[in-house]
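So the structure is just underneath, and the comments pick up after that.
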Amino acid sequence: MKLRSLTAAAIATTLALGSGVVSADLTFPSLSYRTGAYAPNGIPFADGYADYFTMLNERDGGIGGAKINFIECETGYNTEKGVECYESTKGEGALLYQPLSTGITYQLIPKATADGIPVHSMGYGRTSAANGKVFSHIFNYPGNYWDAASIIIKHILDEEGGDIKDKNIALVYHNSAYGKEPIRTLEELAKKHGYKLTLLAVDHPGQEQKSQWLQIRRERPDYVLMWGWGVMNQVAIQEAANIRYPMDKFIGVWWSSSENDVIPSGSGANGYKAINFHGVGDDFGVYDDLRKYVVDTGKAAGDGSNLGTVLYNRGMYAAVLAAEAARTAQEIHGVAEINASQMRDGMEALKIDQTRMAELGLADFGPEINVTCESHGGPGQAAIQQWDAESKTWKLITDFAGADRDVIDALIAEDSAAFAAENSITPRSC
Amino acid sequence: MFYRESGDFKSNYAADQQTFPIKFDRIGVAIFLVFAFFIVPFIINDYWEKSIIVPVLVWSLAALGLNILTGYCGLVSLGTGGFMAVGAYASYKLTTSFPELNMFLVILFSGGITALVGILFGLPSLRIKGFYLAVATLAAQFFLIWLFNKVPWFYNSSASGMITVPERTIFGIAVTGSNSPPWATYLFCLIFVVVFAVIARNLTRGRLGRSWMAIRDMDIAAEIIGVAPLSAKLSAFAISSFYIGLSGALFFSVYLGAAEPTEAFGIDKSFLVLFMIIIGGLGSIFGSFIGAAFMFLLPVLFKNIMVGGFGWPTDMVQHLIFMLVGALIMFFLIVEPHGLAQLWRVTKEKLRLWPFPH
């Protein structure tokens with residue numbers, strides 16, 4: 001009796017551990033995180049990503065006539081859980097992975113390439129993946145960290161009238177692969193422009209930043225840049241407000257640019273700047289459809305309160321780019337139910353101009369996108385946004401501008417060549 | 001009825017002292033090993049390899065290592081994550097510096113390097129014990145992670161500080177990197193785990209293991225009867241760190257393939273392994289395995305049931321898992337404070353007597 005029930009339990013366990021394989025139309029897994037220290041930023045992104053796909057299913061019946069099968073998997077921003085999520089969803093015919101974590105992206109780069117599934121690390125992940133000759137399955141359009149670093153420095157140049165020689169610029173960064181990415185670029189740019197770079201690392205999860213801000217208070221750098229994520233952003237902005245650091249000299253990367261990061265500091269955060277590669281607010285046509293088909297029918301992934309926030313917009317934009325790539329792939333291959341390798345072709349041939357953006361209800365939302373075989377990095381354009389604490393809104397204060405291509409392209413070529421040598425990859429000829 | 005020792009007579013000391021004195025156990029273990037070595041490699045797929053079996057094997061090895069230190073020698077360590085990082089970075093430096101080196105040797109040398117580091121951080125154990133030692137090993141955890149994050153030599157000055165394993169083959173079959181077939185990585189890990197579990201089992205039954213246990217039970221008494229605390233404690237630290245180093249090397253090179261120190265080897269990993277041996281059973285080889293399986297598989301199991309089976313929202317499931325796993329840990333510790341291994345021992349006793357419990 002006991003043995004039999006043990007056996008039954010063992011069999012039940014075995015079945016439950018293995019993941020079921022379901023054939024589906026167009027499978028888009030979402031490796032999201034709605035729990036843990038990074039949840040404040042993970043939730044709005046995941047909501048935007050999910051809601052746009054739901055809207056396509058409700059409004060158009062999917063993409064090009066094929067329904068979308070959307071699977072969400074919780075990673076908690078943890079690499080091991082990310083691997084588990086990847087392995088458990090890839091069997092269902094996953095077309096594309098967007099892990100929203102630089103650590104998980106690094107894990108997936110070799111795995112997904114071997115499995116032939118594209119990864120779109122939109123504005124994060126390994127920067128040199130922009131070189132499509134080496135990274136055949138990895139895309140990071142419309143911009144990467146090194147673009148961001150360069151555009152921020154350009155903005156500072158504009159502010160300072162073109163001369164930042166002997167200025168002191170500090171970088172407060174998340175002490176991980178993600179936070180370390182811009183350092184090399186900032187060092188190169190320091191050589192070119194003659195500013196002094198101070199590096200201040202903040203360890204995971206980022207609640208403890210007293211000593212870093214004490215140092216900033218003592219040294220009074222002319223500008224502070226931030227590569228933060230999750231609760232680290234809120235704490236840093238609060239600490240900056242506490243030491244009365246001038247907020248308009250404090251510039252975050254696009255992952256330190258959401259409402260969740262600035263609202264806790266109240267009026268202290270007024271004037272805080274961040275870079276962004278897409279538009280802000282909900283004054284876009286697509287929101288009418290999102291409200292009509294998703295939020296009002298109760299199908300929203302979250303409670304619907306995140307619509308129009310920066311990270312919701314970004315999640316939605318990620319889904320837009322994925323859906324457009326799938327549409328391109330359908331056109332190229334002439335089938336509605338594409339597979340992962342066809343999806344990759346679609347991403348590599350992705351072209352979105354302003355007319356198409358207007359059709360999508362996203363007029364002037366972001367720069368035009370033109371992915372090619374050599375360049376998986378997209379236009380690399382971004383604008384600076386500024387926080388208005390009074391009206392609780394972000395406002396773009398510059399136009400979308402490009403990065404210092406001389407510096408960035410050389411760095412990308414160098415880093416991707418190192419990766420190719422390490423992993424004995426022969427670059428494709430494009 | 002099932003679990004008889006009657007009629008199983010031993011006529012020499014070797015037979016009497018064997019690891020599994022009961023025939024039923026021997027047959028069971030033999031069948032299990034045959035299944036693990038000759039059947040599983042043919043049916044294993046990517047999901048089972050990467051998400052279930054290989055991580056459990058790797059964590060078992062780490063739990064085995066910590067159990068030697070904490071369970072057998074009574075020295076509490078919170079530096080497991082740091083020592084795993086030593087193993088991982090050692091294997092990374094060895095594979096990238098000596099591309100021709102056989103992967104088996106790489107893993108073994110990584111364990112050896114970790115053993116040296118373990119001895120170094122074990123030195124304070126000669127003067128301090130209990131919670132104070134736990135704090136000293138906590139320092140090892142933070143120092144080692146800081147070191148690997150700070151010094152570019154350890155990560156070959158890569159832009160992001162991330163280490164990525166290059167592809168390495170054994171007999172022409174990749175065991176690391178993304179092109180390695182699931183059965184190869186599985187067998188690679190299994191060989192290490194089986195061999196070193198047997199070694200651990202025999203170590204703990206021999207002179208060394210007995211000196212550890214003597215120190216654990218009462219160090220002054222042990223010293224009086226002639227057990228040298230220096231060699232006992234440092235050997236426990238060395239061998240424990242060797243195992244943890246092996247597991248760290250496998251964790252990085254076979255299981256994950258890429259890692260960064262803060263995320264992959266943080267303090268939470270030290271606690272995880274400590275929980276594994278407490279749940280599994282302190283001072284038990286079997287307990288290390290069952291504890292590792294319990295702590296690693298339970299969340300995956302719940303996730304698959306609740307998200308895959310019932311289709312509940314992922315965030316709610318994640319919160320439920322935290323609560324359920326926590327509740328189950330408390331439940332098992334209340335039912336059996338000596339861990340799951342003791343539960344198994346009691347079950348075995350009952351099976352022996354069944355159906356005549358008196």
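Just so we're on the same page: first chain in the structure tokens is A, next is B, and so on; residues restart at 1 for each chain, and ligands are numbered from 1 in the order they show up.
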With 10 Å as the cut-off and only C-alpha atoms counted, what is the closest atom pair between each nearby residue of chain B and chain A? Distances in Å to one decimal, ordered by chain and number, as JSON lines.
```
{"residue": "B:Asn45", "atom": "CA", "partner": "A:Glu87", "partner_atom": "CA", "distance": 9.8}
{"residue": "B:Asp46", "atom": "CA", "partner": "A:Glu87", "partner_atom": "CA", "distance": 6.7}
{"residue": "B:Tyr47", "atom": "CA", "partner": "A:Glu87", "partner_atom": "CA", "distance": 5.0}
{"residue": "B:Trp48", "atom": "CA", "partner": "A:Gly18", "partner_atom": "CA", "distance": 7.1}
{"residue": "B:Glu49", "atom": "CA", "partner": "A:Glu87", "partner_atom": "CA", "distance": 9.3}
{"residue": "B:Lys50", "atom": "CA", "partner": "A:Glu84", "partner_atom": "CA", "distance": 7.0}
{"residue": "B:Ser51", "atom": "CA", "partner": "A:Glu84", "partner_atom": "CA", "distance": 5.0}
{"residue": "B:Ile52", "atom": "CA", "partner": "A:Leu17", "partner_atom": "CA", "distance": 8.0}
{"residue": "B:Pro55", "atom": "CA", "partner": "A:Glu80", "partner_atom": "CA", "distance": 9.2}
{"residue": "B:Thr96", "atom": "CA", "partner": "A:Glu422", "partner_atom": "CA", "distance": 8.8}
{"residue": "B:Trp146", "atom": "CA", "partner": "A:Asp203", "partner_atom": "CA", "distance": 9.7}
{"residue": "B:Asn149", "atom": "CA", "partner": "A:Asn175", "partner_atom": "CA", "distance": 8.1}
{"residue": "B:Lys150", "atom": "CA", "partner": "A:Asn175", "partner_atom": "CA", "distance": 9.7}
{"residue": "B:Ser158", "atom": "CA", "partner": "A:Asp415", "partner_atom": "CA", "distance": 8.6}
{"residue": "B:Ala159", "atom": "CA", "partner": "A:Glu181", "partner_atom": "CA", "distance": 6.1}
{"residue": "B:Ser160", "atom": "CA", "partner": "A:Ala177", "partner_atom": "CA", "distance": 4.3}
{"residue": "B:Gly161", "atom": "CA", "partner": "A:Ala177", "partner_atom": "CA", "distance": 5.7}
{"residue": "B:Met162", "atom": "CA", "partner": "A:Ala177", "partner_atom": "CA", "distance": 5.8}
{"residue": "B:Ile163", "atom": "CA", "partner": "A:Tyr106", "partner_atom": "CA", "distance": 9.4}
{"residue": "B:Thr164", "atom": "CA", "partner": "A:Tyr106", "partner_atom": "CA", "distance": 8.3}
{"residue": "B:Val165", "atom": "CA", "partner": "A:Asn423", "partner_atom": "CA", "distance": 9.0}
{"residue": "B:Pro166", "atom": "CA", "partner": "A:Asn423", "partner_atom": "CA", "distance": 6.1}
{"residue": "B:Glu167", "atom": "CA", "partner": "A:Asn423", "partner_atom": "CA", "distance": 7.1}
{"residue": "B:Gly177", "atom": "CA", "partner": "A:Pro110", "partner_atom": "CA", "distance": 7.5}
{"residue": "B:Ser178", "atom": "CA", "partner": "A:Lys111", "partner_atom": "CA", "distance": 5.0}
{"residue": "B:Asn179", "atom": "CA", "partner": "A:Ala114", "partner_atom": "CA", "distance": 6.3}
{"residue": "B:Ser180", "atom": "CA", "partner": "A:Ala114", "partner_atom": "CA", "distance": 9.7}
{"residue": "B:Tyr255", "atom": "CA", "partner": "A:Glu80", "partner_atom": "CA", "distance": 9.2}
{"residue": "B:Leu256", "atom": "CA", "partner": "A:Gln107", "partner_atom": "CA", "distance": 7.0}
{"residue": "B:Gly257", "atom": "CA", "partner": "A:Gln107", "partner_atom": "CA", "distance": 6.8}
{"residue": "B:Ala258", "atom": "CA", "partner": "A:Gln107", "partner_atom": "CA", "distance": 5.6}
{"residue": "B:Ala259", "atom": "CA", "partner": "A:Gly103", "partner_atom": "CA", "distance": 7.7}
{"residue": "B:Glu260", "atom": "CA", "partner": "A:Ser176", "partner_atom": "CA", "distance": 6.9}
{"residue": "B:Pro261", "atom": "CA", "partner": "A:Ser176", "partner_atom": "CA", "distance": 8.1}
{"residue": "B:Thr262", "atom": "CA", "partner": "A:Ser176", "partner_atom": "CA", "distance": 6.9}
{"residue": "B:Glu263", "atom": "CA", "partner": "A:Asn78", "partner_atom": "CA", "distance": 7.5}
{"residue": "B:Ala264", "atom": "CA", "partner": "A:Thr79", "partner_atom": "CA", "distance": 7.5}
{"residue": "B:Gly266", "atom": "CA", "partner": "A:His204", "partner_atom": "CA", "distance": 9.3}
{"residue": "B:Leu297", "atom": "CA", "partner": "A:Leu17", "partner_atom": "CA", "distance": 8.2}
{"residue": "B:Leu298", "atom": "CA", "partner": "A:Leu17", "partner_atom": "CA", "distance": 9.4}
{"residue": "B:Val300", "atom": "CA", "partner": "A:Leu17", "partner_atom": "CA", "distance": 6.9}
{"residue": "B:Leu301", "atom": "CA", "partner": "A:Leu17", "partner_atom": "CA", "distance": 5.3}
{"residue": "B:Phe302", "atom": "CA", "partner": "A:Ala16", "partner_atom": "CA", "distance": 8.4}
{"residue": "B:Lys303", "atom": "CA", "partner": "A:Leu17", "partner_atom": "CA", "distance": 8.9}
{"residue": "B:Asn304", "atom": "CA", "partner": "A:Ala16", "partner_atom": "CA", "distance": 6.0}
{"residue": "B:Ile305", "atom": "CA", "partner": "A:Ala16", "partner_atom": "CA", "distance": 6.0}
{"residue": "B:Met306", "atom": "CA", "partner": "A:Ala16", "partner_atom": "CA", "distance": 9.7}
{"residue": "B:Val307", "atom": "CA", "partner": "A:Cys73", "partner_atom": "CA", "distance": 8.4}
{"residue": "B:Gly308", "atom": "CA", "partner": "A:Ser19", "partner_atom": "CA", "distance": 7.4}
{"residue": "B:Gly309", "atom": "CA", "partner": "A:Ala16", "partner_atom": "CA", "distance": 8.2}
{"residue": "B:Gly311", "atom": "CA", "partner": "A:Ile71", "partner_atom": "CA", "distance": 9.9}
{"residue": "B:Pro313", "atom": "CA", "partner": "A:Glu72", "partner_atom": "CA", "distance": 8.3}
{"residue": "B:Thr314", "atom": "CA", "partner": "A:Glu74", "partner_atom": "CA", "distance": 5.7}
{"residue": "B:Asp315", "atom": "CA", "partner": "A:Arg34", "partner_atom": "CA", "distance": 5.4}
{"residue": "B:Met316", "atom": "CA", "partner": "A:Arg34", "partner_atom": "CA", "distance": 8.9}
{"residue": "B:Val317", "atom": "CA", "partner": "A:Glu74", "partner_atom": "CA", "distance": 8.9}
{"residue": "B:Gln318", "atom": "CA", "partner": "A:Thr35", "partner_atom": "CA", "distance": 7.3}
{"residue": "B:His319", "atom": "CA", "partner": "A:Thr35", "partner_atom": "CA", "distance": 7.7}
```
Residues at most 7 Å from stretch 207-222 of chain B, counting only C-alpha atoms, excluding those fewer than 6 positions away in the same chain, as a ChimeraX atom specification?
/B:72-74,232
Deliver the residues from the most recent selection as a file, using C-alpha atoms, as a short mmCIF file (atom, residue, chain, number, x, y, z; two decimals), in the first residue's frame.
```cif
data_model
loop_
_atom_site.label_atom_id
_atom_site.label_comp_id
_atom_site.auth_asym_id
_atom_site.auth_seq_id
_atom_site.Cartn_x
_atom_site.Cartn_y
_atom_site.Cartn_z
CA TYR B 72 30.32 15.68 10.28
CA CYS B 73 32.77 18.14 11.80
CA GLY B 74 30.27 20.52 13.38
CA ALA B 232 40.86 17.30 11.88
#
```
Neighbour list for stretch 12-19 of chain B as JSON, numbers by chain, cut-off 12 Å, only C-alpha atoms, skip fewer than 4 positions in-chain:
{"B": [8, 23, 25, 26, 29, 197, 198, 199, 200, 201, 202, 203, 204, 205, 206, 285, 286]}
Selection file, N, CA and C atoms, as a compact mmCIF listing (two decimals), in the first residue's frame:
```txt
# COMPACT_ATOMS: atom_id res chain seq x y z
N ASP B 8 20.54 -13.22 5.69
CA ASP B 8 21.63 -12.53 5.00
C ASP B 8 22.84 -12.56 5.94
N LYS B 23 20.71 -6.81 1.62
CA LYS B 23 20.71 -7.19 0.21
C LYS B 23 19.74 -6.33 -0.61
N ASP B 25 18.85 -3.32 -0.20
CA ASP B 25 19.46 -2.02 -0.49
C ASP B 25 20.45 -2.12 -1.64
N ARG B 26 21.28 -3.16 -1.57
CA ARG B 26 22.32 -3.32 -2.60
C ARG B 26 21.70 -3.46 -3.98
N VAL B 29 20.17 -0.07 -5.07
CA VAL B 29 21.17 0.90 -5.50
C VAL B 29 21.76 0.50 -6.85
N ALA B 197 30.62 10.74 -4.12
CA ALA B 197 29.71 10.31 -3.05
C ALA B 197 30.28 9.05 -2.40
N VAL B 198 30.79 8.13 -3.22
CA VAL B 198 31.39 6.91 -2.66
C VAL B 198 32.59 7.27 -1.79
N ILE B 199 33.42 8.18 -2.30
CA ILE B 199 34.59 8.59 -1.51
C ILE B 199 34.14 9.23 -0.20
N ALA B 200 33.14 10.10 -0.27
CA ALA B 200 32.68 10.77 0.94
C ALA B 200 32.15 9.76 1.94
N ARG B 201 31.37 8.82 1.43
CA ARG B 201 30.81 7.80 2.31
C ARG B 201 31.92 7.06 3.05
N ASN B 202 32.98 6.69 2.32
CA ASN B 202 34.04 5.92 2.96
C ASN B 202 34.93 6.79 3.84
N LEU B 203 35.11 8.04 3.43
CA LEU B 203 35.87 8.95 4.29
C LEU B 203 35.20 9.08 5.65
N THR B 204 33.88 9.27 5.61
CA THR B 204 33.18 9.53 6.86
C THR B 204 33.10 8.29 7.73
N ARG B 205 33.27 7.10 7.13
CA ARG B 205 33.25 5.90 7.96
C ARG B 205 34.64 5.54 8.48
N GLY B 206 35.65 6.19 7.93
CA GLY B 206 37.02 5.82 8.28
C GLY B 206 37.58 6.62 9.46
N ILE B 285 25.07 11.23 4.13
CA ILE B 285 25.38 11.35 2.70
C ILE B 285 24.08 11.37 1.91
N PHE B 286 23.19 10.43 2.24
CA PHE B 286 21.91 10.37 1.56
C PHE B 286 21.13 11.67 1.76
```
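Take atom CA of B:Ala249 and atom CA of B:Leu133: the distance between them is 25.3 Å.
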For A:Asn306, work out the shell of residues within 10 Å, counting only C-alpha atoms and skipping chain neighbours fewer than 6 positions away, then give it as a compact mmCIF listing (two decimals) with N, CA and C atoms, in the first residue's frame.
```
# COMPACT_ATOMS: atom_id res chain seq x y z
N ILE A 43 7.40 44.78 -13.75
CA ILE A 43 5.95 44.64 -13.93
C ILE A 43 5.42 45.49 -15.08
N PRO A 44 5.70 46.82 -15.09
CA PRO A 44 5.14 47.60 -16.21
C PRO A 44 5.61 47.12 -17.58
N PHE A 45 6.87 46.70 -17.67
CA PHE A 45 7.37 46.20 -18.95
C PHE A 45 6.61 44.95 -19.36
N ASP A 47 3.67 44.00 -18.44
CA ASP A 47 2.29 44.35 -18.77
C ASP A 47 2.18 44.87 -20.19
N GLY A 48 3.08 45.78 -20.54
CA GLY A 48 3.03 46.36 -21.88
C GLY A 48 3.25 45.31 -22.95
N GLU A 259 8.67 56.13 -14.04
CA GLU A 259 7.92 56.86 -13.02
C GLU A 259 8.17 56.27 -11.64
N TYR A 312 6.02 50.71 -19.42
CA TYR A 312 4.91 50.08 -20.14
C TYR A 312 5.06 50.36 -21.63
N ASN A 313 5.36 51.61 -21.95
CA ASN A 313 5.59 51.97 -23.35
C ASN A 313 6.69 51.11 -23.96
```
Test item: residues at most 10 Å from B:Ala238, only C-alpha atoms, excluding those fewer than 2 positions along its chain, as number ranges by chain
B: 65, 69, 111-122, 232-236, 240-244
With distances taken over only C-alpha atoms, the candidate from B:Thr80, B:Ile39, B:Leu105, B:Ile27 nearest B:Ala63 is B:Thr80
Between atom CA of A:Phe284 and atom CA of A:Ala363, what is the distance, to one decimal in Å?
7.0 Å
Residues within 9 Å of A:Tyr52, only C-alpha atoms, excluding chain neighbours under 6 positions, as a ChimeraX atom specification
/A:290,294,315-317,319-320
Could the residues in this selection be saved with C-alpha atoms as an mmCIF file, in the first residue's frame?
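Written out: result.cif:
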```cif
data_model
loop_
_atom_site.group_PDB
_atom_site.id
_atom_site.type_symbol
_atom_site.label_atom_id
_atom_site.label_comp_id
_atom_site.auth_asym_id
_atom_site.auth_seq_id
_atom_site.Cartn_x
_atom_site.Cartn_y
_atom_site.Cartn_z
ATOM 1 C CA LEU A 290 -5.284 49.041 -26.111
ATOM 2 C CA VAL A 294 -7.684 44.990 -23.627
ATOM 3 C CA GLY A 315 7.314 46.728 -23.152
ATOM 4 C CA MET A 316 4.659 47.576 -25.685
ATOM 5 C CA TYR A 317 7.325 48.850 -28.089
ATOM 6 C CA ALA A 319 6.023 43.700 -28.597
ATOM 7 C CA VAL A 320 5.422 46.045 -31.545
#
```
DSSP on the backbone, then: every residue of stretch 166-342 of chain B marked helix (DSSP H, G or I), written as a ChimeraX atom specification.
/B:182-205,207-217,219-224,229-256,261-264,267-280,285-309,314-335,340-342
Can you pull out every residue within 10 Å of stretch 322-332 of chain A, counting only C-alpha atoms, but drop anything in the same chain fewer than 5 positions away, and send it as a ChimeraX atom specification?
/A:26,28,49,52-53,56,62-64,66,68,95-98,120,316-317,337-352,356,360
Selection export as a short mmCIF file (atom, residue, chain, number, x, y, z; two decimals), in the first residue's frame, atoms kept: C-alpha atoms:
```cif
data_model
loop_
_atom_site.label_atom_id
_atom_site.label_comp_id
_atom_site.auth_asym_id
_atom_site.auth_seq_id
_atom_site.Cartn_x
_atom_site.Cartn_y
_atom_site.Cartn_z
CA LEU A 26 2.90 31.93 -33.04
CA PHE A 28 5.95 34.39 -27.85
CA TYR A 49 4.52 43.35 -23.63
CA TYR A 52 0.02 44.50 -27.00
CA PHE A 53 -0.07 40.83 -27.98
CA LEU A 56 -3.38 41.97 -31.62
CA GLY A 62 -3.18 37.62 -34.27
CA ILE A 63 -0.48 38.48 -36.79
CA GLY A 64 -1.20 37.88 -40.47
CA ALA A 66 -2.08 33.39 -37.15
CA ILE A 68 -0.49 34.45 -30.90
CA LEU A 95 9.83 32.32 -31.87
CA LEU A 96 11.69 34.96 -29.90
CA TYR A 97 13.13 35.60 -26.46
CA GLN A 98 13.22 38.97 -24.74
CA HIS A 120 15.99 40.45 -28.97
CA MET A 316 4.66 47.58 -25.69
CA TYR A 317 7.33 48.85 -28.09
CA GLU A 337 2.79 30.13 -39.19
CA ILE A 338 6.45 30.95 -39.21
CA ASN A 339 9.11 29.12 -37.24
CA ALA A 340 12.01 30.51 -35.22
CA SER A 341 14.50 30.59 -38.08
CA GLN A 342 12.01 32.40 -40.32
CA MET A 343 11.39 34.81 -37.46
CA ARG A 344 15.13 35.48 -37.41
CA ASP A 345 15.03 36.32 -41.11
CA GLY A 346 12.15 38.67 -40.43
CA MET A 347 14.07 40.45 -37.70
CA GLU A 348 17.10 40.82 -39.91
CA ALA A 349 14.97 42.38 -42.66
CA LEU A 350 12.93 44.57 -40.33
CA LYS A 351 12.24 48.06 -41.66
CA ILE A 352 9.89 50.44 -39.90
CA ARG A 356 4.41 52.47 -40.79
CA LEU A 360 0.55 51.35 -36.00
#
```
So how far away is atom CA of B:Ser91 from atom CA of B:Phe275, in Å?
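Those two atoms sit 26.0 Å apart.
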